[in-house]
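Take a look at the structure below.
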Amino acid sequence: MDFEQVSNSFGGTIFPEEYRTDFQSVEEQLQALASTVTESSSVNERAVLLLLQGIDAAMRGELAFAERYFDNLQILTEELPDRHWRRRCVNYQFYLLSLKRLSPVLRFRPDSDNDSGIRKELQLEIFEKRQQLANESTVSVSQDWPALEKLEGDVILNNSRFVNDLWMYAYRSHPNYPHEPLANSTSCNMWATIFNSHEPYPTEVLKAATSLGLHKTVGYLKRLIVEYWIGGNSEKASSMLSDMYRTYLERNDIIGAANCKLIQGDKVLSLPFTNPLALNLIPLDRGLSWDNEVWDATEAQFPLRKVSGVDIDYQTAYDLFTLGGSKRGQAAVHLRRGCVDHIEAVAAGHAGRLIESASLYRSAGLHFREASHLFQRDSVNLHLVYAHQLLLDISVGNHTDVLDRASQIGEWGMNAQNNAVSQFLGLLMLRFGRMIFLASGEATVEHVKAMLLCACARICFNSLGDSLLELQAVVAHAMLHQRLGNTRLASALLAEGHNILPTALQCFDQLIQAMPNGDTRETLQMMRYNRLENFNRASRAIFGPGASPFSIPASPMQFAFAEILRLFSQSLEAVNSDYYQTMKNRRRALIVDADVDTSENYLREFLTRWSGSTTGFVAETALACMKVGIFHYLGEFNKASQVLSKTIPIIYGGENDSGQMLPQLQSMISKDQYTSQRLLAEESIGLCFLAKDWQVGQRVMEYIRNIFPGYPNGISPHDDIWQLLVWVGCIDEHNGRLAQAFDWYLQALRLVETRRHQVSDLDTRRDMFATIHSGELFSGLARISWQFALAGHLAESRMPQTQTWRDQVLLYLEQGRSRALVDLLMTEKGMEEDEHDKLQEWATHEYQMRQLDEASKLPLEQRDKIIKELATDLGTEKGNISIVREELERRSLGLASVLDGANSNPSMNALYSCIPADAACIHINLSRDGMLLLCINSTGIQHVYQNEIVDIEIERTILRFLWLFRQNRKELPEAETCMSLLKTLSVWIIDPVVTFIRDRKHVIFVPSRSFHKFPFSALLLNQKPLFLQKEVSQIPSLTTLSYLAQKTRSYNELVTTVVVKSDQNDENDKEKLLPMAGMEAINIAQIHGCVPQNAGSLSNKEFGILYESSDIVHISTHGIQSGESAWQSSITLRENFRVHDLAKSRSKAAMVVFGSCVSGLGEDTIGNDMLGFSHAVIASGALVFLGGLWDVDDLASMFLMVFFHRGIAERKSNVTLAESWRRAQTQLYELDTPTAKAVLEELRDGWDRAEKKEQVPAEISRQPRDSIGYLIEDIEWLKIDFTHPQYWAPFILVGHGGLVI
């Protein structure tokens, strides 16, 4: 069977994009032929069957089957003495490789700009196999082989070459092709010259086909020539297409004529390097995420839209395909019409034309349904239809099974070995998601669709087994959440991406090792480096510069020499890995141990390890940037300034010449130089900000404005531009330009508040104000407002209309303080009674989202367990993390508006009036520029005190005090050391306000940073602890207090719950015993007339019910602090009840007491939102939280809590909770041995009374009752000095301390 007969078996062509082949008919013919071929048939007969079966499978896209047929053909024909069949095997194996590289229906896709295309070409060894086929062609000429046989090989060979010529010559000459930014008119003219002079298809092949009478083959080759001229926008393309159409009609080739009309319609609707099948998008994987710096602008200029006359072309094509009996051709028209209608429907919906949009969606669905029916056995086109049906379903909100369907698309690509099609479809999902997102504005519904498309792309690539593209989809999904302000989900997704990264990079490493050619290896190494760099860019965008646990520090430019690049990358990886571990160790030392000195030693050891080491120029630059950050953490700003110049490019006045692009490298750098210089400008300003070198900052700004006049005005907006405005504001402020600085700050404030308003996720809102940038923004606004207040008439033109500049100081500080907590309180207050169910639903959703986030940080086995639990709670069939995330994102749609009302500032009257008349509020504000103390009472701000003691120095002192009580749990800290630290802190905090608080009963502290976990009652007033003279409480913000005060209600009968750890001496219980906790709980329960609950038998759900229904909750059990995440810190019930488990609880409690160790600790943020039980309890609805800061003494804690609850039970009308707590502390402080003995006896009697009433649950151990007798006997010789802070200072009272119950 010769080439003509083979072609005729498939309707005249072996190339599927002609739509000539009826695969259903071919299948029937092959079945008939197979029935006649047996084992006894000749080798030639069996070979013909295998060849036809292979071509059939290949044309349909089932390339794995095709490969099996062609391999069997090769084995079979090796027995033959002549070489003709063996040559045909080579031909068709290359034919198969070309289809694996890219399906002809996707020929428009410029794979030369596509990383996956380049990888595939190298993996398939296309160049080498093409050269082998060319050599075979030369042999066929010398041996005078039959013309048809030679033509068969030449057509297959030159078809592969044609695709390269189309991409390299035609597309690059098109006026809308996005040339590299550094390309000039000369290089563009060069491409045009090459394009016009190049022969699109070898003339001798065309002549040979013509002379042999293969008219359909000739027509196909001419079609390729026309595609070439269309690709380069040649003037002769249209006339050639018209001529070809007429020729087909003259020859009565109806399907050929139909193809011409199909091409004509595509030509009008789309640029040659995209297609209606691609929705006029450019689905390439050049880079990471869904953005493409080179192609984005071009894509945006040519959206797919209905164009007058095109439907006539498509209708003509459809009619001709129908006349010619081509169902696949009819399906091709339906598919295109469906794509156009889909995009038109999306556009109409965004424009508010909803009826038109719905009609177009229905029309698109009908077209896709018809296409699916008509593309029988055509696997490639069927999967194109399946993908478009998936996109359509997401557009209309039908999200059922879309992840499973996306997975099936990827799975088909892997099983069929047709990776290129599945890669294209996955990338199309990403680009369509990007298009939806960019057109969505603030439409949350569209945001969810974009998220779902990212998830679909990811699962498609995962099923395909392409880790590089899966990484791209994960990063795109993460960056989408980052743009929406959902930092929590963005960081969790990036963590997943980081896990995929090593496998993804292996794709390059394996190819690099296999490549014999040095230039090819360098290309691959450059691609590998770019992937790393793009991942780093995403990591920095999400975590902030220097804060990412994943990124390799950025090189300011790309390097041309790949081997050098590889070595530099290795040194960067080493530096980055060490830096990440150092920062992790530092955080643990600070959060878990409060050990500031060890935390700083970790930083200094890092500096020592890398001091003087040779890491290569790139790593040296990155290391210098790290050093600036480390000196910032250490507060050693002079040293940071000494390093600073090494990080700033010469073009901006520094010593780093990496920002200068060498002329010989310019043609190899794909990144836009303008963009690169802008990013370098931002990095330089940010480093000046970190180093607090305002003079260098001013000089850098002058250099930058020489390149970018008016900078930062006029630069393209991006998500983090508000941070840049803060940096510029700081530089202007510290160079005396207060008015300009204030304007920059205000611009930044408007941007960050707008972005925050668009976010419905509470944790993400918290994270947005948890950075140094936001901290300095609000501190800067407050500082300048205070300067304007002092300036009087000089600042009148900038005075706010609603309050004085003095009031404005407080408003700005409040605006940046504990906002996540305030948002929740504000939302709850603004809801009607019947809306509280929605708030509960939202709280449960927040809990589930945080579970997902925390799961990503756990080992695989624990993570999978949580994902399965979440899947069960959500009612999803599968425990797949992508499905769980998609379901959570979908549910967030209906809850997105819950926090909408939490964006208004409180009135000044509300802030002042919430302060009791007999109270003084000390509003503490720490910053890198010093401390600002506001003295406030119910009538307003009475005094503002400002000093230059920086936050780092104050936090060191706080943490050193806390460390004394946490580093040695067996011995008391030295009283002299404690007093020394307390005196220092008191000089800073109490001495400036002594006059103000002298006549006030209650001192309310609004803490800042580490002060959130400091016992203010321990500060010294007149050389004595403050609590001996004043009631002391603390509140996250005055705004919080104003909302809590409004929630106050009358408490007629208190519903009290007491929970206690039973301590049954279980051998498996390794926790520290709390022998007095049982005695404490029994007596407190007796005081309040209730029966204590055994913590060991309470499930989290049971505890939650008690928590939500009680007015007072008292918990005496173990507290466990997590070193990994503040949300994972817990108290011990039957299982650990974590901080984040409170997210789904709503409480009506007046007070919640955590008598457990370290329950009052948490992780403070610059935005003063505490991640821990204290703020979580207040956020759940309780008015007051009392919790411990370190491991409490069991005996002292029992005394304190019993004294406290006795005071509460007296229910005196004028005694506040803060006063009750003050009295309890005072009683303990003044407790002598005889009194202590008497109290112990009273407590023993209380236990006995409870036993007689059968109010001691059987599960609670009798050990406290048995041991208290020994304690009564031993108390005299123990000689406990209760005046030591170890005993009376561990607990802090947070919330509405002025509450009377």
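So you can find residues: chains in the structure tokens are A, B, ... in the order shown, residues in each start at 1, and ligands are numbered from 1 in order.
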Using only C-alpha atoms, which residues sit within 9 Å of A:Leu824 once same-chain residues fewer than 2 positions away are excluded, as an mmCIF file with N, CA, C and O atoms, in the first residue's frame?
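Wrote selection.cif, looks like this:
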data_model
loop_
_atom_site.group_PDB
_atom_site.id
_atom_site.type_symbol
_atom_site.label_atom_id
_atom_site.label_comp_id
_atom_site.auth_asym_id
_atom_site.auth_seq_id
_atom_site.Cartn_x
_atom_site.Cartn_y
_atom_site.Cartn_z
ATOM 1 N N LEU A 762 -10.833 37.068 57.667
ATOM 2 C CA LEU A 762 -10.391 37.822 58.838
ATOM 3 C C LEU A 762 -8.890 37.707 59.048
ATOM 4 O O LEU A 762 -8.225 38.694 59.384
ATOM 5 N N ARG A 819 -7.162 45.479 64.447
ATOM 6 C CA ARG A 819 -8.284 45.684 63.551
ATOM 7 C C ARG A 819 -9.070 44.402 63.267
ATOM 8 O O ARG A 819 -10.286 44.451 63.037
ATOM 9 N N ALA A 820 -8.413 43.262 63.237
ATOM 10 C CA ALA A 820 -9.147 42.024 62.980
ATOM 11 C C ALA A 820 -10.154 41.775 64.089
ATOM 12 O O ALA A 820 -11.307 41.388 63.842
ATOM 13 N N LEU A 821 -9.731 41.997 65.327
ATOM 14 C CA LEU A 821 -10.640 41.854 66.464
ATOM 15 C C LEU A 821 -11.762 42.880 66.385
ATOM 16 O O LEU A 821 -12.940 42.553 66.579
ATOM 17 N N VAL A 822 -11.424 44.107 66.074
ATOM 18 C CA VAL A 822 -12.429 45.166 65.972
ATOM 19 C C VAL A 822 -13.424 44.860 64.854
ATOM 20 O O VAL A 822 -14.631 45.081 65.000
ATOM 21 N N MET A 826 -17.332 44.785 65.487
ATOM 22 C CA MET A 826 -18.153 45.740 64.756
ATOM 23 C C MET A 826 -19.223 45.012 63.936
ATOM 24 O O MET A 826 -20.381 45.446 63.862
ATOM 25 N N THR A 827 -18.823 43.891 63.332
ATOM 26 C CA THR A 827 -19.772 43.114 62.528
ATOM 27 C C THR A 827 -20.895 42.576 63.398
ATOM 28 O O THR A 827 -22.075 42.655 63.049
ATOM 29 N N GLU A 828 -20.533 42.017 64.548
ATOM 30 C CA GLU A 828 -21.532 41.457 65.450
ATOM 31 C C GLU A 828 -22.506 42.529 65.927
ATOM 32 O O GLU A 828 -23.719 42.316 65.980
ATOM 33 N N LYS A 829 -21.977 43.699 66.226
ATOM 34 C CA LYS A 829 -22.842 44.781 66.714
ATOM 35 C C LYS A 829 -23.813 45.248 65.630
ATOM 36 O O LYS A 829 -24.975 45.575 65.905
ATOM 37 N N LEU A 899 -18.342 40.795 56.601
ATOM 38 C CA LEU A 899 -17.515 41.839 57.212
ATOM 39 C C LEU A 899 -17.661 43.202 56.523
ATOM 40 O O LEU A 899 -16.904 44.115 56.826
ATOM 41 N N ALA A 902 -17.701 46.349 58.598
ATOM 42 C CA ALA A 902 -16.610 46.553 59.564
ATOM 43 C C ALA A 902 -15.525 47.445 58.991
ATOM 44 O O ALA A 902 -14.356 47.114 59.019
ATOM 45 N N ALA A 1179 -12.827 37.872 70.864
ATOM 46 C CA ALA A 1179 -13.455 37.811 69.543
ATOM 47 C C ALA A 1179 -14.669 36.888 69.543
ATOM 48 O O ALA A 1179 -15.610 37.085 68.774
ATOM 49 N N SER A 1180 -14.667 35.870 70.412
ATOM 50 C CA SER A 1180 -15.791 34.935 70.452
ATOM 51 C C SER A 1180 -17.017 35.532 71.122
ATOM 52 O O SER A 1180 -18.090 34.938 71.080
#
Which residues are near A:Gln942? Cut-off 10 Å, only C-alpha atoms, ignore same chain within fewer than 6 positions. Put them as a ChimeraX atom specification.
/A:806,920,934-936,996
Those same residues, written as a CSV table (one decimal), in the first residue's frame with N, CA and C atoms?
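Just written: part_27.csv:
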chain,number,residue,atom,x,y,z
A,806,ARG,N,-5.0,66.8,67.6
A,806,ARG,CA,-4.7,66.0,68.8
A,806,ARG,C,-5.6,64.7,68.7
A,920,ALA,N,-8.0,56.0,84.1
A,920,ALA,CA,-7.0,56.7,83.2
A,920,ALA,C,-6.6,55.6,82.2
A,934,LEU,N,-0.1,58.2,75.1
A,934,LEU,CA,-1.2,59.1,75.1
A,934,LEU,C,-1.9,58.9,76.4
A,935,CYS,N,-2.1,60.0,77.2
A,935,CYS,CA,-2.9,59.9,78.4
A,935,CYS,C,-4.3,60.4,78.2
A,936,ILE,N,-5.3,59.5,78.3
A,936,ILE,CA,-6.6,59.7,77.9
A,936,ILE,C,-7.6,59.5,79.1
A,996,PHE,N,-0.8,62.2,85.9
A,996,PHE,CA,-2.1,61.9,85.3
A,996,PHE,C,-2.9,60.8,86.0
Could you list, as a VMD selection string, every residue within 8 Å of stretch 1106-1111 of chain A, counting only C-alpha atoms and ignoring same-chain residues fewer than 3 positions away?
chain A and resid 1054 to 1057 1102 to 1103 1145 to 1151
Using C-alpha atoms, can you write the selected residues to a file as a CSV table (one decimal), in the first residue's frame?
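Result went into result.csv, see below:
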chain,number,residue,atom,x,y,z
A,1054,LEU,CA,-24.7,33.8,86.9
A,1055,VAL,CA,-24.4,30.6,84.9
A,1056,THR,CA,-21.0,29.3,85.7
A,1057,THR,CA,-19.0,26.5,84.2
A,1102,GLU,CA,-19.1,19.4,74.5
A,1103,PHE,CA,-16.8,22.0,75.9
A,1145,SER,CA,-17.6,29.5,69.0
A,1146,ARG,CA,-19.9,32.4,70.0
A,1147,SER,CA,-19.9,33.3,73.7
A,1148,LYS,CA,-22.2,35.3,75.9
A,1149,ALA,CA,-19.8,35.2,78.8
A,1150,ALA,CA,-19.0,38.1,81.0
A,1151,MET,CA,-15.6,36.5,81.9
As JSON, numbers by chain, please: every residue in stretch 1225-1287 of chain A that a backbone DSSP assignment puts in alpha helix (DSSP H).
{"A": [1225, 1226, 1227, 1228, 1229, 1233, 1234, 1235, 1236, 1237, 1238, 1239, 1240, 1241, 1242, 1243, 1244, 1245, 1246, 1247, 1248, 1249, 1250, 1251, 1252, 1263, 1264, 1265, 1266, 1267, 1268, 1269, 1270, 1271, 1272, 1273, 1274, 1275, 1276, 1277, 1278, 1285, 1286, 1287]}
Considering only C-alpha atoms, return as a short mmCIF file (atom, residue, chain, number, x, y, z; two decimals) with N, CA, C and O atoms, in the first residue's frame whatever protein or nucleic-acid residues lie within 8 Å of stretch 492-501 of chain A, sequence-local ones (same chain, fewer than 2 positions apart) excluded.
data_model
loop_
_atom_site.label_atom_id
_atom_site.label_comp_id
_atom_site.auth_asym_id
_atom_site.auth_seq_id
_atom_site.Cartn_x
_atom_site.Cartn_y
_atom_site.Cartn_z
N SER A 467 4.75 18.18 36.79
CA SER A 467 4.95 18.92 38.03
C SER A 467 5.31 20.39 37.78
O SER A 467 4.99 21.25 38.59
N LEU A 468 5.98 20.67 36.66
CA LEU A 468 6.31 22.07 36.36
C LEU A 468 5.06 22.90 36.14
O LEU A 468 4.93 24.01 36.67
N GLU A 470 2.04 22.03 37.11
CA GLU A 470 1.28 22.02 38.36
C GLU A 470 1.78 23.12 39.28
O GLU A 470 0.99 23.83 39.91
N LEU A 471 3.10 23.28 39.34
CA LEU A 471 3.68 24.36 40.13
C LEU A 471 3.19 25.72 39.63
O LEU A 471 2.86 26.61 40.41
N VAL A 474 -0.34 26.24 40.86
CA VAL A 474 -0.37 26.51 42.31
C VAL A 474 0.07 27.95 42.59
O VAL A 474 -0.55 28.66 43.39
N VAL A 475 1.14 28.38 41.94
CA VAL A 475 1.61 29.75 42.15
C VAL A 475 0.59 30.76 41.64
O VAL A 475 0.36 31.80 42.26
N HIS A 477 -2.60 30.34 41.59
CA HIS A 477 -3.66 30.33 42.60
C HIS A 477 -3.23 31.13 43.82
O HIS A 477 -4.01 31.93 44.38
N ALA A 478 -1.98 30.95 44.24
CA ALA A 478 -1.46 31.70 45.39
C ALA A 478 -1.43 33.19 45.11
O ALA A 478 -1.83 34.01 45.95
N ARG A 488 -3.38 34.34 53.98
CA ARG A 488 -3.34 33.03 54.63
C ARG A 488 -3.40 31.91 53.60
O ARG A 488 -2.58 30.99 53.60
N LEU A 489 -4.37 31.99 52.69
CA LEU A 489 -4.49 30.95 51.66
C LEU A 489 -3.33 31.04 50.68
O LEU A 489 -2.85 30.02 50.18
N ALA A 490 -2.89 32.26 50.39
CA ALA A 490 -1.76 32.42 49.47
C ALA A 490 -0.52 31.73 50.02
O ALA A 490 0.18 31.01 49.30
N THR A 503 10.59 18.47 42.65
CA THR A 503 10.22 17.55 41.57
C THR A 503 10.15 18.29 40.24
O THR A 503 10.56 17.76 39.20
N ALA A 504 9.63 19.52 40.29
CA ALA A 504 9.53 20.31 39.06
C ALA A 504 10.91 20.60 38.48
O ALA A 504 11.14 20.48 37.27
N LEU A 505 11.84 20.97 39.35
CA LEU A 505 13.18 21.30 38.87
C LEU A 505 13.92 20.07 38.34
O LEU A 505 14.81 20.18 37.50
N SER A 539 7.03 34.43 45.97
CA SER A 539 7.25 34.27 47.40
C SER A 539 7.44 35.63 48.07
O SER A 539 6.88 35.90 49.14
N PHE A 550 10.64 30.48 51.77
CA PHE A 550 10.87 29.64 50.60
C PHE A 550 11.84 30.24 49.60
O PHE A 550 12.58 29.54 48.94
N ASP A 853 -5.28 25.93 56.41
CA ASP A 853 -4.02 26.65 56.44
C ASP A 853 -3.03 25.94 57.36
O ASP A 853 -1.86 25.71 57.00
N SER A 856 -1.42 22.62 56.10
CA SER A 856 -0.32 22.69 55.14
C SER A 856 1.04 22.73 55.81
O SER A 856 2.06 22.47 55.18
N LYS A 857 1.07 23.02 57.13
CA LYS A 857 2.34 23.12 57.85
C LYS A 857 2.69 21.83 58.59
O LYS A 857 3.72 21.75 59.23
#
Tell me which of A:Leu49, A:Ala387, A:Met451, A:Met931 sits closest to A:Ser422, counting only C-alpha atoms.
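Residue with the minimum atom-to-atom distance to A:Ser422: A:Ala387.
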Atom CA of A:Asp578 to atom CA of A:Cys688: how many Å, to one decimal?
24.0 Å
